[in-house]
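This report refers to the structure that appears directly beneath it.
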Amino acid sequence: MTTGFSINSAGSGQAEEKAPATERMTGSQAIIRTLELLGVTDVFGLPGGAILPTYDPLMDSSKINHILVRHEQGAGHAAQGYATSTGKVGVCIATSGPGATNLITAIADANMDSVPLVAITGQVSTKLLGTDAFQEADVVGMTMPITKHSFMISDPQDIPRALSAAFHIASTGRPGPVLVDITKDAQVGMMEFNWPPKVEVRGYTPVTRGHSKQIREAAKLISESKRPVLYVGGGIIRSGASEELAKLAEITGAPVVTTLNARGAFPDSNPQNLGMPGMHGTVPAVFAMQKSDLLITLGARFDDRVTGKLDSFAPEAKVIHIDVDPAEISKIRFADVPIVGDLRYVLPELNELLSTEFANKLPDLGQWWVELDTIKNDYPLGYTKTDDGLGSPQHVLERLSALTGPDAFYVTGVGQHQMWGAHFIGQEKPRHFLSSAGLGTMGYCVPAAMGVKVANPDSIVWAIDGDGCFQMTNQELATCAQNNIPIKVAVVNNSSLGMVRQWQALFYDGRYSNTHLRTGHGTDRIPDFVKLGDAYGCATFRCERDEDVDEVIKQALAINDRPVVIDFTVSPDAMVWPMVPAGVSNDLIQIAKNTSPDFGREEGEN
């Protein structure tokens with residue numbers, strides 16, 4: 001939602017403590033005081049002229065830890081990592097013009113992946129608006145399509161209410177980003193501060209409780225199904241409903257598939273977990289969805305990477321769709337039972353019905369599991385090493401997972417390494433696997449991992465990046481080194497834009513147009529990631545053979561006083577399998593080039 005909001009009167013419930021009834025201060029002081037009272041302890045930002053008045057009182061705050069990034073995009077992704085790993089609102093700050101526009105990619109990313117984020121930007125003074133003043137940009141207009149709401153504040157008296165409303169909007173309903181753009185004269189102007197402010201976001205009334213009649217219809221449909229599948233999206237993690245999901249899976253005995261954003265919502269060790277569905281999903285997960293007669297859809301949105309060719313996706317399945325965002329329900333796939341509500345509240349009611357009134361009506365899924373177990377046994381997740389003598393990226397991530405364990409946080413960039421990470425890094429807990437899913441933002445990994453480490457200083461945080469992604473935001477390693485944020489970076493270096501190269505190999509006759517990066521495999525590395533990491537104050541390693549992977553990872557795990565960068569030079573010929581080519585049915589999933597499992601298609605069927 002981007003329009004129709006106003007600040008009015010109602011309780012916000014945001015305060016952690018009370019300030020004096022009324023205190024005279026500048027707008028900038030009000031910004032910092034409001035953030036403190038909202039419970040903010042960490043922010044990521046970069047100062048500039050239009051936001052400079054706010055950075056002055058920030059220096060005096062004993063409650064807010066400001067992390068000075070090297071690029072505003074890094075601030076946005078760091079705030080995303082902070083928010084995704086904790087469930088709290090992430091905060092980033094930038095100046096006007098290019099400072100604000102540099103945040104836009106991270107804001108768009110947060111919007112696609114439903115991450116609670118508040119971006120505070122400075123703006124030129126009110127009298128200069130619309131004059132093409134120095135570093136003026138209409139960031140409110142630019143961000144309206146990619147935020148839940150964008151505020152423009154020109155009156156210092158509105159600052160506490162606007163920021164409180166921004167946090168409320170960002171963190172309730174379907175989480176997402178909110179922009180608060182504050183003119184320079186509003187920052188330097190005087191105002192009467194009182195707390196808590198009374199806020200009302202007119203027209204914004206997210207539904208949390210599902211309709212009881214619809215929940216009963218869902219239970220009835222589950223009791224009638226023979227081949228149900230729990231299709232779990234990132235909404236289950238955003239709502240904090242993983243325990244309720246586990247109970248639903250136990251009650252129904254149904255198989256579970258978890259999307260990229262839902263990795264860890266249901267433990268990999270549970271035999272009901274079939275893995276990730278979709279374009280690069282596991283064969284059992286794709287098979288289960290295609291053959292299901294009921295998709296119990298929890299906080300997922302039927303995106304194209306899951307469905308493939310839509311009109312052939314799960315053709316026999318009825319759909320229960322539970323989502324806090326009514327706009328998602330029946331947007332792509334018609335929902336036979338639509339339920340608008342927060343999974344934290346809907347699932348307990350559904351579980352209660354299934355455990356009591358429908359307990360003796362639940363189907364026997366024995367035959368369904370015979371089919372699924374056959375597929376699991378016939379098509380286990382694996383890989384074939386390349387014959388060029390170079391390292392195997394899948395082996396790197398398998399061993400990294402085994403040696404580090406499920407208590408660590410794993411953050412990936414975008415591309416082949418992202419898919420290998422989703423498959424080969426075991427996940428047992430929600431919020432421990434982070435990635436840019438919907439927008440697919442190269443450059444997300446290192447700053448997001450930085451944000452995760454700030455929020456979880458006692459945990460191991462691995463940034464799993466590709467050599468292409470890593471070169472977009474690796475300057476934040478300087479931020480990490482200077483602020484004692486010891487993340488560990490595993491660069492899966494195949495010397496190319498790997499996923500693009502894979503498509504060129506499969507669909508463009510091996511014509512590798514502009515995908516070779518020359519970052520590894522020889523003395524002509526540009527850049528040399530070991531030297532680069534060393535320049536940034538990191539401990540650095542290079543690993544070129546599978547035999548050395550364990551030892552290098554163990555050495556990295558032993559270093560906790562500074563960031564670590566490992567250059568894992570691997571084969572450019574390694575590919576991500578399985579794969580459903582874009583625009584075709586999921587029935588045509590390939591487990592290797594021109595090799596597909598038999599899903600029982602009729603002869604000649606496409």
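We name chains A, B, ... following the order of the structure tokens; residues begin at 1 in each chain, and ligands are numbered from 1 as shown.
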- request: List every residue of region 377-453 of chain A that DSSP, applied to the backbone of this structure, assigns to alpha helix (DSSP H), and report them as an MDAnalysis selection string.
  value: chainID A and resid 377:378 393:404 416:424 445:453
field: All residues 7 Å or closer to region 185-187 of chain A, only C-alpha atoms, same chain fewer than 2 positions away omitted, as a ChimeraX atom specification
entry: /A:26-28,53-54,125-126,154-156,182-183,189
- request: Go through A:Val337, A:Ala481, A:Trp420, A:Pro380 one by one, measure the shortest atom-to-atom distance of each to Lys220 (chain A) using only C-alpha atoms, and give the residue with the smallest value.
  value: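 Checking each of A:Val337, A:Ala481, A:Trp420, A:Pro380 against Lys220 (chain A), counting only C-alpha atoms, the winner is A:Val337.
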query: Using only C-alpha atoms, which residue out of A:Lys226, A:Arg562, A:Arg305, A:His432 lies closest to Ala478 (chain A)?
result: A:Arg562
- prompt: So which residues touch Arg518 (chain A) within 7 Å, counting only C-alpha atoms, skipping near sequence neighbours fewer than 6 positions away, as a ChimeraX atom specification?
  reply: /A:495,525-526
Would you save the residues from that selection as a short mmCIF file (atom, residue, chain, number, x, y, z; two decimals), in the first residue's frame, using N, CA, C and O atoms?
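Ended up saving to selection_2.cif:
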data_model
loop_
_atom_site.label_atom_id
_atom_site.label_comp_id
_atom_site.auth_asym_id
_atom_site.auth_seq_id
_atom_site.Cartn_x
_atom_site.Cartn_y
_atom_site.Cartn_z
N SER A 495 34.87 -18.11 -11.62
CA SER A 495 35.44 -17.18 -12.60
C SER A 495 34.43 -16.76 -13.67
O SER A 495 34.80 -16.41 -14.78
N ARG A 525 44.32 -13.41 -12.04
CA ARG A 525 43.07 -13.10 -11.35
C ARG A 525 42.88 -11.59 -11.23
O ARG A 525 43.76 -10.88 -10.74
N ILE A 526 41.72 -11.12 -11.66
CA ILE A 526 41.41 -9.69 -11.53
C ILE A 526 39.99 -9.58 -10.96
O ILE A 526 39.01 -9.78 -11.67
#
field: CA of Ala75 (chain A) to CA of Thr441 (chain A), straight-line distance in Å
entry: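 For CA of Thr441 (chain A) relative to CA of Ala75 (chain A), the distance reads 14.3 Å.
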message: So that I can check the surroundings of Gln80 (chain A), please list as an NGL selection string every protein, DNA and RNA residue that reaches within 12 Å of it, counting only C-alpha atoms and ignoring chain neighbours fewer than 5 positions away.
response: :A and (43-44 or 73-75 or 85-92 or 103 or 105-119 or 175-177 or 411 or 431 or 434-436 or 444-455)
Write a file of the just-selected residues containing N, CA and C atoms, as a CSV table (one decimal), in the first residue's frame.
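Saved file out.csv follows:
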chain,number,residue,atom,x,y,z
A,43,VAL,N,21.4,0.9,13.8
A,43,VAL,CA,21.0,1.4,12.5
A,43,VAL,C,22.2,1.4,11.6
A,44,PHE,N,22.0,1.4,10.3
A,44,PHE,CA,23.0,1.4,9.3
A,44,PHE,C,22.9,2.6,8.4
A,73,GLN,N,23.5,1.2,-0.5
A,73,GLN,CA,22.8,-0.1,-0.7
A,73,GLN,C,23.2,-1.1,0.4
A,74,GLY,N,24.5,-1.0,0.8
A,74,GLY,CA,24.9,-1.9,1.9
A,74,GLY,C,24.1,-1.6,3.2
A,75,ALA,N,23.8,-0.3,3.4
A,75,ALA,CA,23.0,0.0,4.6
A,75,ALA,C,21.6,-0.7,4.5
A,85,SER,N,16.7,-11.9,10.3
A,85,SER,CA,17.2,-12.8,11.3
A,85,SER,C,16.6,-12.7,12.7
A,86,THR,N,16.0,-11.6,12.9
A,86,THR,CA,15.4,-11.3,14.3
A,86,THR,C,13.9,-11.1,14.3
A,87,GLY,N,13.3,-10.7,13.2
A,87,GLY,CA,11.9,-10.4,13.2
A,87,GLY,C,11.6,-9.0,13.6
A,88,LYS,N,12.7,-8.2,14.0
A,88,LYS,CA,12.5,-6.8,14.3
A,88,LYS,C,12.6,-6.0,13.1
A,89,VAL,N,12.2,-4.7,13.2
A,89,VAL,CA,12.3,-3.8,12.1
A,89,VAL,C,13.8,-3.3,11.9
A,90,GLY,N,14.3,-3.5,10.7
A,90,GLY,CA,15.6,-3.0,10.4
A,90,GLY,C,15.5,-1.5,10.0
A,91,VAL,N,16.6,-0.8,10.3
A,91,VAL,CA,16.6,0.7,10.1
A,91,VAL,C,17.8,1.1,9.3
A,92,CYS,N,17.7,1.9,8.3
A,92,CYS,CA,18.8,2.4,7.5
A,92,CYS,C,18.5,3.9,7.3
A,103,LEU,N,19.5,3.5,-1.9
A,103,LEU,CA,18.7,2.6,-1.1
A,103,LEU,C,17.6,1.9,-1.8
A,105,THR,N,17.3,-0.2,-4.4
A,105,THR,CA,17.4,-1.6,-4.6
A,105,THR,C,17.1,-2.4,-3.4
A,106,ALA,N,17.7,-2.0,-2.2
A,106,ALA,CA,17.4,-2.7,-1.0
A,106,ALA,C,15.9,-2.6,-0.6
A,107,ILE,N,15.3,-1.4,-0.8
A,107,ILE,CA,13.9,-1.3,-0.5
A,107,ILE,C,13.1,-2.2,-1.4
A,108,ALA,N,13.4,-2.2,-2.7
A,108,ALA,CA,12.6,-3.1,-3.6
A,108,ALA,C,12.8,-4.6,-3.2
A,109,ASP,N,14.0,-4.9,-2.8
A,109,ASP,CA,14.3,-6.3,-2.3
A,109,ASP,C,13.4,-6.6,-1.1
A,110,ALA,N,13.4,-5.7,-0.1
A,110,ALA,CA,12.6,-5.9,1.1
A,110,ALA,C,11.1,-6.0,0.8
A,111,ASN,N,10.7,-5.3,-0.2
A,111,ASN,CA,9.3,-5.3,-0.6
A,111,ASN,C,8.9,-6.7,-1.2
A,112,MET,N,9.8,-7.2,-2.0
A,112,MET,CA,9.5,-8.5,-2.6
A,112,MET,C,9.5,-9.7,-1.6
A,113,ASP,N,10.4,-9.6,-0.6
A,113,ASP,CA,10.6,-10.7,0.3
A,113,ASP,C,9.9,-10.4,1.7
A,114,SER,N,9.1,-9.4,1.7
A,114,SER,CA,8.3,-9.1,2.9
A,114,SER,C,9.2,-8.9,4.2
A,115,VAL,N,10.1,-8.0,4.1
A,115,VAL,CA,11.1,-7.7,5.2
A,115,VAL,C,10.7,-6.4,5.8
A,116,PRO,N,10.5,-6.4,7.2
A,116,PRO,CA,10.1,-5.1,7.8
A,116,PRO,C,11.3,-4.2,7.9
A,117,LEU,N,11.2,-3.1,7.2
A,117,LEU,CA,12.3,-2.1,7.1
A,117,LEU,C,11.8,-0.7,7.1
A,118,VAL,N,12.5,0.2,7.8
A,118,VAL,CA,12.2,1.6,7.8
A,118,VAL,C,13.5,2.3,7.3
A,119,ALA,N,13.3,3.0,6.2
A,119,ALA,CA,14.4,3.8,5.6
A,119,ALA,C,14.1,5.2,5.8
A,175,PRO,N,4.7,-8.0,6.4
A,175,PRO,CA,5.8,-7.0,6.7
A,175,PRO,C,6.3,-6.4,5.4
A,176,GLY,N,7.0,-5.3,5.5
A,176,GLY,CA,7.5,-4.7,4.3
A,176,GLY,C,8.2,-3.4,4.6
A,177,PRO,N,8.8,-2.7,3.6
A,177,PRO,CA,9.5,-1.5,3.8
A,177,PRO,C,8.6,-0.2,3.8
A,411,VAL,N,23.9,-16.9,4.8
A,411,VAL,CA,23.4,-15.8,3.9
A,411,VAL,C,24.0,-16.0,2.5
A,431,ARG,N,14.8,-18.6,10.2
A,431,ARG,CA,15.5,-17.4,10.2
A,431,ARG,C,17.0,-17.6,10.2
A,434,LEU,N,19.2,-17.0,4.8
A,434,LEU,CA,18.7,-15.8,4.3
A,434,LEU,C,19.2,-15.6,2.8
A,435,SER,N,18.3,-15.1,2.0
A,435,SER,CA,18.7,-14.9,0.6
A,435,SER,C,17.8,-13.9,0.0
A,436,SER,N,18.2,-13.3,-1.1
A,436,SER,CA,17.4,-12.4,-1.9
A,436,SER,C,16.6,-13.3,-2.9
A,444,TYR,N,23.6,-8.7,-2.5
A,444,TYR,CA,22.8,-8.7,-1.2
A,444,TYR,C,23.7,-9.3,-0.1
A,445,CYS,N,24.5,-10.3,-0.4
A,445,CYS,CA,25.1,-11.3,0.6
A,445,CYS,C,25.9,-10.6,1.7
A,446,VAL,N,27.0,-10.0,1.3
A,446,VAL,CA,28.0,-9.5,2.3
A,446,VAL,C,27.3,-8.5,3.3
A,447,PRO,N,26.7,-7.4,2.8
A,447,PRO,CA,26.0,-6.5,3.7
A,447,PRO,C,24.9,-7.1,4.6
A,448,ALA,N,24.1,-8.1,4.0
A,448,ALA,CA,23.1,-8.7,4.7
A,448,ALA,C,23.7,-9.6,5.8
A,449,ALA,N,24.8,-10.3,5.5
A,449,ALA,CA,25.5,-11.1,6.6
A,449,ALA,C,26.0,-10.1,7.7
A,450,MET,N,26.5,-9.0,7.3
A,450,MET,CA,26.9,-8.0,8.3
A,450,MET,C,25.8,-7.6,9.2
A,451,GLY,N,24.6,-7.4,8.7
A,451,GLY,CA,23.4,-7.1,9.5
A,451,GLY,C,23.0,-8.2,10.4
A,452,VAL,N,23.1,-9.4,9.9
A,452,VAL,CA,22.8,-10.6,10.7
A,452,VAL,C,23.8,-10.7,11.9
A,453,LYS,N,25.1,-10.5,11.6
A,453,LYS,CA,26.1,-10.6,12.7
A,453,LYS,C,25.9,-9.5,13.7
A,454,VAL,N,25.5,-8.3,13.3
A,454,VAL,CA,25.3,-7.2,14.3
A,454,VAL,C,24.1,-7.6,15.2
A,455,ALA,N,23.1,-8.3,14.7
A,455,ALA,CA,21.9,-8.7,15.4
A,455,ALA,C,22.2,-9.9,16.3
field: Those in region 329-473 of chain A with strand (DSSP E) from DSSP, as number ranges by chain
entry: A: 337-340, 409-412, 433-434, 461-466
Residues of the last selection are to be written out with C-alpha atoms, as a PDB file, in the first residue's frame.
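The resulting file, result_34.pdb, is shown below:
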ATOM      1  CA  VAL A 337     -10.677 -22.178   0.341  1.00  0.00           C
ATOM      2  CA  PRO A 338      -9.261 -18.671   0.820  1.00  0.00           C
ATOM      3  CA  ILE A 339      -8.301 -17.647   4.348  1.00  0.00           C
ATOM      4  CA  VAL A 340      -7.054 -14.147   5.080  1.00  0.00           C
ATOM      5  CA  PHE A 409      23.347 -18.284  10.041  1.00  0.00           C
ATOM      6  CA  TYR A 410      23.866 -18.733   6.308  1.00  0.00           C
ATOM      7  CA  VAL A 411      23.390 -15.819   3.923  1.00  0.00           C
ATOM      8  CA  THR A 412      23.670 -16.304   0.166  1.00  0.00           C
ATOM      9  CA  PHE A 433      18.946 -19.124   5.999  1.00  0.00           C
ATOM     10  CA  LEU A 434      18.720 -15.752   4.269  1.00  0.00           C
ATOM     11  CA  VAL A 461      27.511 -16.064  10.233  1.00  0.00           C
ATOM     12  CA  TRP A 462      28.559 -17.377   6.831  1.00  0.00           C
ATOM     13  CA  ALA A 463      28.204 -15.206   3.732  1.00  0.00           C
ATOM     14  CA  ILE A 464      28.099 -17.574   0.759  1.00  0.00           C
ATOM     15  CA  ASP A 465      28.738 -15.488  -2.312  1.00  0.00           C
ATOM     16  CA  GLY A 466      29.672 -15.892  -5.929  1.00  0.00           C
TER      17      GLY A 466
END
Distance query Pro315 (chain A) at most 9 Å, only C-alpha atoms, self and fewer than 3 positions along chain excluded, as a PDB file with all heavy atoms, in the first residue's frame:
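Once everything was written out, this is around-v8.pdb:
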ATOM      1  N   GLN A 290       3.114 -31.705  -8.303  1.00  0.00           N
ATOM      2  CA  GLN A 290       2.453 -32.010  -9.579  1.00  0.00           C
ATOM      3  C   GLN A 290       1.379 -33.077  -9.416  1.00  0.00           C
ATOM      4  O   GLN A 290       0.365 -33.047 -10.120  1.00  0.00           O
ATOM      5  CB  GLN A 290       3.485 -32.458 -10.606  1.00  0.00           C
ATOM      6  CG  GLN A 290       4.380 -31.343 -11.139  1.00  0.00           C
ATOM      7  CD  GLN A 290       3.595 -30.233 -11.807  1.00  0.00           C
ATOM      8  OE1 GLN A 290       3.304 -29.206 -11.202  1.00  0.00           O
ATOM      9  NE2 GLN A 290       3.221 -30.448 -13.063  1.00  0.00           N
ATOM     10  N   LYS A 291       1.566 -34.013  -8.514  1.00  0.00           N
ATOM     11  CA  LYS A 291       0.636 -35.128  -8.364  1.00  0.00           C
ATOM     12  C   LYS A 291      -0.359 -34.940  -7.228  1.00  0.00           C
ATOM     13  O   LYS A 291      -1.211 -35.799  -6.994  1.00  0.00           O
ATOM     14  CB  LYS A 291       1.415 -36.431  -8.143  1.00  0.00           C
ATOM     15  CG  LYS A 291       2.303 -36.823  -9.307  1.00  0.00           C
ATOM     16  CD  LYS A 291       1.512 -36.983 -10.600  1.00  0.00           C
ATOM     17  CE  LYS A 291       2.401 -37.381 -11.755  1.00  0.00           C
ATOM     18  NZ  LYS A 291       1.646 -37.471 -13.031  1.00  0.00           N
ATOM     19  N   SER A 292      -0.259 -33.826  -6.520  1.00  0.00           N
ATOM     20  CA  SER A 292      -1.108 -33.629  -5.345  1.00  0.00           C
ATOM     21  C   SER A 292      -2.567 -33.401  -5.739  1.00  0.00           C
ATOM     22  O   SER A 292      -2.878 -32.970  -6.846  1.00  0.00           O
ATOM     23  CB  SER A 292      -0.608 -32.428  -4.536  1.00  0.00           C
ATOM     24  OG  SER A 292      -0.795 -31.227  -5.257  1.00  0.00           O
ATOM     25  N   ASP A 293      -3.462 -33.725  -4.796  1.00  0.00           N
ATOM     26  CA  ASP A 293      -4.871 -33.371  -4.996  1.00  0.00           C
ATOM     27  C   ASP A 293      -5.291 -32.213  -4.096  1.00  0.00           C
ATOM     28  O   ASP A 293      -6.415 -31.736  -4.174  1.00  0.00           O
ATOM     29  CB  ASP A 293      -5.777 -34.582  -4.769  1.00  0.00           C
ATOM     30  CG  ASP A 293      -5.762 -35.112  -3.335  1.00  0.00           C
ATOM     31  OD1 ASP A 293      -5.046 -34.529  -2.487  1.00  0.00           O
ATOM     32  OD2 ASP A 293      -6.459 -36.099  -3.063  1.00  0.00           O
ATOM     33  N   ASP A 311      -0.516 -23.149 -16.315  1.00  0.00           N
ATOM     34  CA  ASP A 311      -1.704 -23.952 -16.606  1.00  0.00           C
ATOM     35  C   ASP A 311      -1.466 -25.457 -16.496  1.00  0.00           C
ATOM     36  O   ASP A 311      -2.405 -26.247 -16.585  1.00  0.00           O
ATOM     37  CB  ASP A 311      -2.298 -23.599 -17.975  1.00  0.00           C
ATOM     38  CG  ASP A 311      -1.332 -23.815 -19.123  1.00  0.00           C
ATOM     39  OD1 ASP A 311      -0.259 -24.411 -18.908  1.00  0.00           O
ATOM     40  OD2 ASP A 311      -1.636 -23.365 -20.251  1.00  0.00           O
ATOM     41  N   SER A 312      -0.208 -25.861 -16.294  1.00  0.00           N
ATOM     42  CA  SER A 312       0.073 -27.280 -16.081  1.00  0.00           C
ATOM     43  C   SER A 312       0.587 -27.549 -14.668  1.00  0.00           C
ATOM     44  O   SER A 312       1.018 -28.661 -14.369  1.00  0.00           O
ATOM     45  CB  SER A 312       1.104 -27.780 -17.105  1.00  0.00           C
ATOM     46  OG  SER A 312       2.360 -27.130 -16.920  1.00  0.00           O
ATOM     47  N   LYS A 318      -6.803 -29.170  -5.582  1.00  0.00           N
ATOM     48  CA  LYS A 318      -7.554 -28.069  -5.011  1.00  0.00           C
ATOM     49  C   LYS A 318      -6.589 -27.256  -4.147  1.00  0.00           C
ATOM     50  O   LYS A 318      -5.507 -27.737  -3.800  1.00  0.00           O
ATOM     51  CB  LYS A 318      -8.722 -28.573  -4.179  1.00  0.00           C
ATOM     52  CG  LYS A 318      -9.807 -29.242  -5.015  1.00  0.00           C
ATOM     53  CD  LYS A 318     -10.993 -29.649  -4.150  1.00  0.00           C
ATOM     54  CE  LYS A 318     -12.092 -30.263  -5.007  1.00  0.00           C
ATOM     55  NZ  LYS A 318     -13.257 -30.667  -4.175  1.00  0.00           N
TER      56      LYS A 318
END
- prompt: Leaving out Arg399 (chain A) and any residue of its chain fewer than 5 positions from it, which residues lie within 12 Å of it when counting only C-alpha atoms, given as a ChimeraX atom specification?
  reply: /A:392-394,404-405,421,424-426,490,546-554
Print the selection's residues with N, CA and C atoms to a file, as a CSV table (one decimal), in the first residue's frame.
chain,number,residue,atom,x,y,z
A,392,SER,N,34.7,-28.8,-6.6
A,392,SER,CA,33.2,-29.0,-6.7
A,392,SER,C,32.5,-28.0,-5.8
A,393,PRO,N,31.7,-27.1,-6.3
A,393,PRO,CA,31.0,-26.2,-5.4
A,393,PRO,C,30.1,-26.9,-4.4
A,394,GLN,N,29.4,-27.9,-4.9
A,394,GLN,CA,28.5,-28.6,-4.0
A,394,GLN,C,29.2,-29.3,-2.8
A,404,THR,N,30.1,-26.7,10.3
A,404,THR,CA,29.6,-25.5,11.0
A,404,THR,C,28.4,-25.8,11.8
A,405,GLY,N,27.4,-26.6,11.2
A,405,GLY,CA,26.2,-27.0,11.9
A,405,GLY,C,25.0,-26.0,11.8
A,421,GLY,N,23.5,-23.6,-2.2
A,421,GLY,CA,23.3,-23.4,-0.7
A,421,GLY,C,22.0,-23.9,-0.2
A,424,PHE,N,22.3,-27.9,-0.3
A,424,PHE,CA,23.4,-28.6,0.4
A,424,PHE,C,23.7,-28.1,1.8
A,425,ILE,N,23.1,-27.0,2.2
A,425,ILE,CA,23.3,-26.6,3.6
A,425,ILE,C,22.1,-27.0,4.4
A,426,GLY,N,22.3,-27.9,5.3
A,426,GLY,CA,21.2,-28.4,6.1
A,426,GLY,C,20.6,-27.3,7.0
A,490,ALA,N,32.5,-17.1,2.2
A,490,ALA,CA,32.9,-18.2,1.3
A,490,ALA,C,32.6,-17.8,-0.1
A,546,ASP,N,39.3,-30.2,-3.6
A,546,ASP,CA,38.3,-30.7,-2.7
A,546,ASP,C,39.0,-31.3,-1.5
A,547,GLU,N,40.2,-31.9,-1.7
A,547,GLU,CA,40.9,-32.5,-0.5
A,547,GLU,C,41.2,-31.5,0.6
A,548,ASP,N,41.3,-30.2,0.2
A,548,ASP,CA,41.7,-29.2,1.2
A,548,ASP,C,40.5,-28.5,1.9
A,549,VAL,N,39.3,-28.8,1.4
A,549,VAL,CA,38.2,-28.0,1.8
A,549,VAL,C,38.0,-28.1,3.4
A,550,ASP,N,38.0,-29.3,3.9
A,550,ASP,CA,37.8,-29.4,5.4
A,550,ASP,C,38.8,-28.6,6.2
A,551,GLU,N,40.0,-28.7,5.9
A,551,GLU,CA,41.0,-28.0,6.7
A,551,GLU,C,40.9,-26.5,6.6
A,552,VAL,N,40.6,-26.0,5.4
A,552,VAL,CA,40.4,-24.5,5.3
A,552,VAL,C,39.2,-24.1,6.1
A,553,ILE,N,38.1,-24.8,6.0
A,553,ILE,CA,36.9,-24.4,6.7
A,553,ILE,C,37.2,-24.4,8.2
A,554,LYS,N,37.9,-25.4,8.7
A,554,LYS,CA,38.2,-25.5,10.1
A,554,LYS,C,39.1,-24.3,10.6
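Counting from CA of Asn456 (chain A), the distance to CA of His66 (chain A) is 15.7 Å.
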I'd like the neighbourhood of Asp388 (chain A) as a short mmCIF file (atom, residue, chain, number, x, y, z; two decimals) with N, CA, C and O atoms, in the first residue's frame, where a residue qualifies if any of its atoms comes within 12 Å (using only C-alpha atoms), though same-chain residues fewer than 5 positions away should be ignored.
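Contents of the output file result.cif:
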data_model
loop_
_atom_site.label_atom_id
_atom_site.label_comp_id
_atom_site.auth_asym_id
_atom_site.auth_seq_id
_atom_site.Cartn_x
_atom_site.Cartn_y
_atom_site.Cartn_z
N HIS A 521 41.56 -19.35 -11.15
CA HIS A 521 42.18 -20.37 -11.98
C HIS A 521 43.40 -19.85 -12.72
O HIS A 521 43.47 -19.87 -13.95
N ARG A 545 41.34 -27.28 -4.12
CA ARG A 545 41.13 -28.71 -4.27
C ARG A 545 40.11 -29.20 -3.24
O ARG A 545 40.08 -28.72 -2.10
N VAL A 570 36.48 -23.01 -8.00
CA VAL A 570 35.74 -24.21 -8.40
C VAL A 570 35.53 -24.21 -9.92
O VAL A 570 35.80 -23.23 -10.61
N SER A 571 35.02 -25.31 -10.40
CA SER A 571 34.86 -25.49 -11.84
C SER A 571 33.75 -24.61 -12.41
O SER A 571 32.64 -24.57 -11.87
N PRO A 572 34.02 -23.93 -13.53
CA PRO A 572 32.95 -23.16 -14.18
C PRO A 572 31.94 -24.05 -14.88
O PRO A 572 30.87 -23.57 -15.27
N ASP A 573 32.24 -25.33 -15.03
CA ASP A 573 31.33 -26.24 -15.73
C ASP A 573 30.31 -26.89 -14.80
O ASP A 573 29.41 -27.59 -15.26
N ALA A 574 30.44 -26.68 -13.49
CA ALA A 574 29.46 -27.23 -12.55
C ALA A 574 28.11 -26.55 -12.78
O ALA A 574 28.03 -25.33 -12.94
#
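When only C-alpha atoms are used to compute distances to Val286 (chain A), the closest of the residues A:Val124, A:Val584, A:Val257, A:Ala137 turns out to be A:Val257.
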field: Residue nearest Pro196 (chain A) - candidates A:Leu58, A:Val306, A:Ile559, A:Leu37, atoms counted: only C-alpha atoms
entry: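 Once distances to Pro196 (chain A) are computed over only C-alpha atoms, the minimum belongs to A:Leu37.
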message: Could you tell me how far CA of Glu371 (chain A) sits from CA of Glu250 (chain A), in Å to one decimal place?
response: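 Rounded to one decimal, the two atoms are 19.1 Å apart.
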message: Between A:Pro228, A:Pro206, A:Gly39, A:Pro160, which residue has the minimum interatomic distance to Asn194 (chain A), considering only C-alpha atoms?
response: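 Among the listed residues, the smallest separation from Asn194 (chain A) belongs to A:Pro160.
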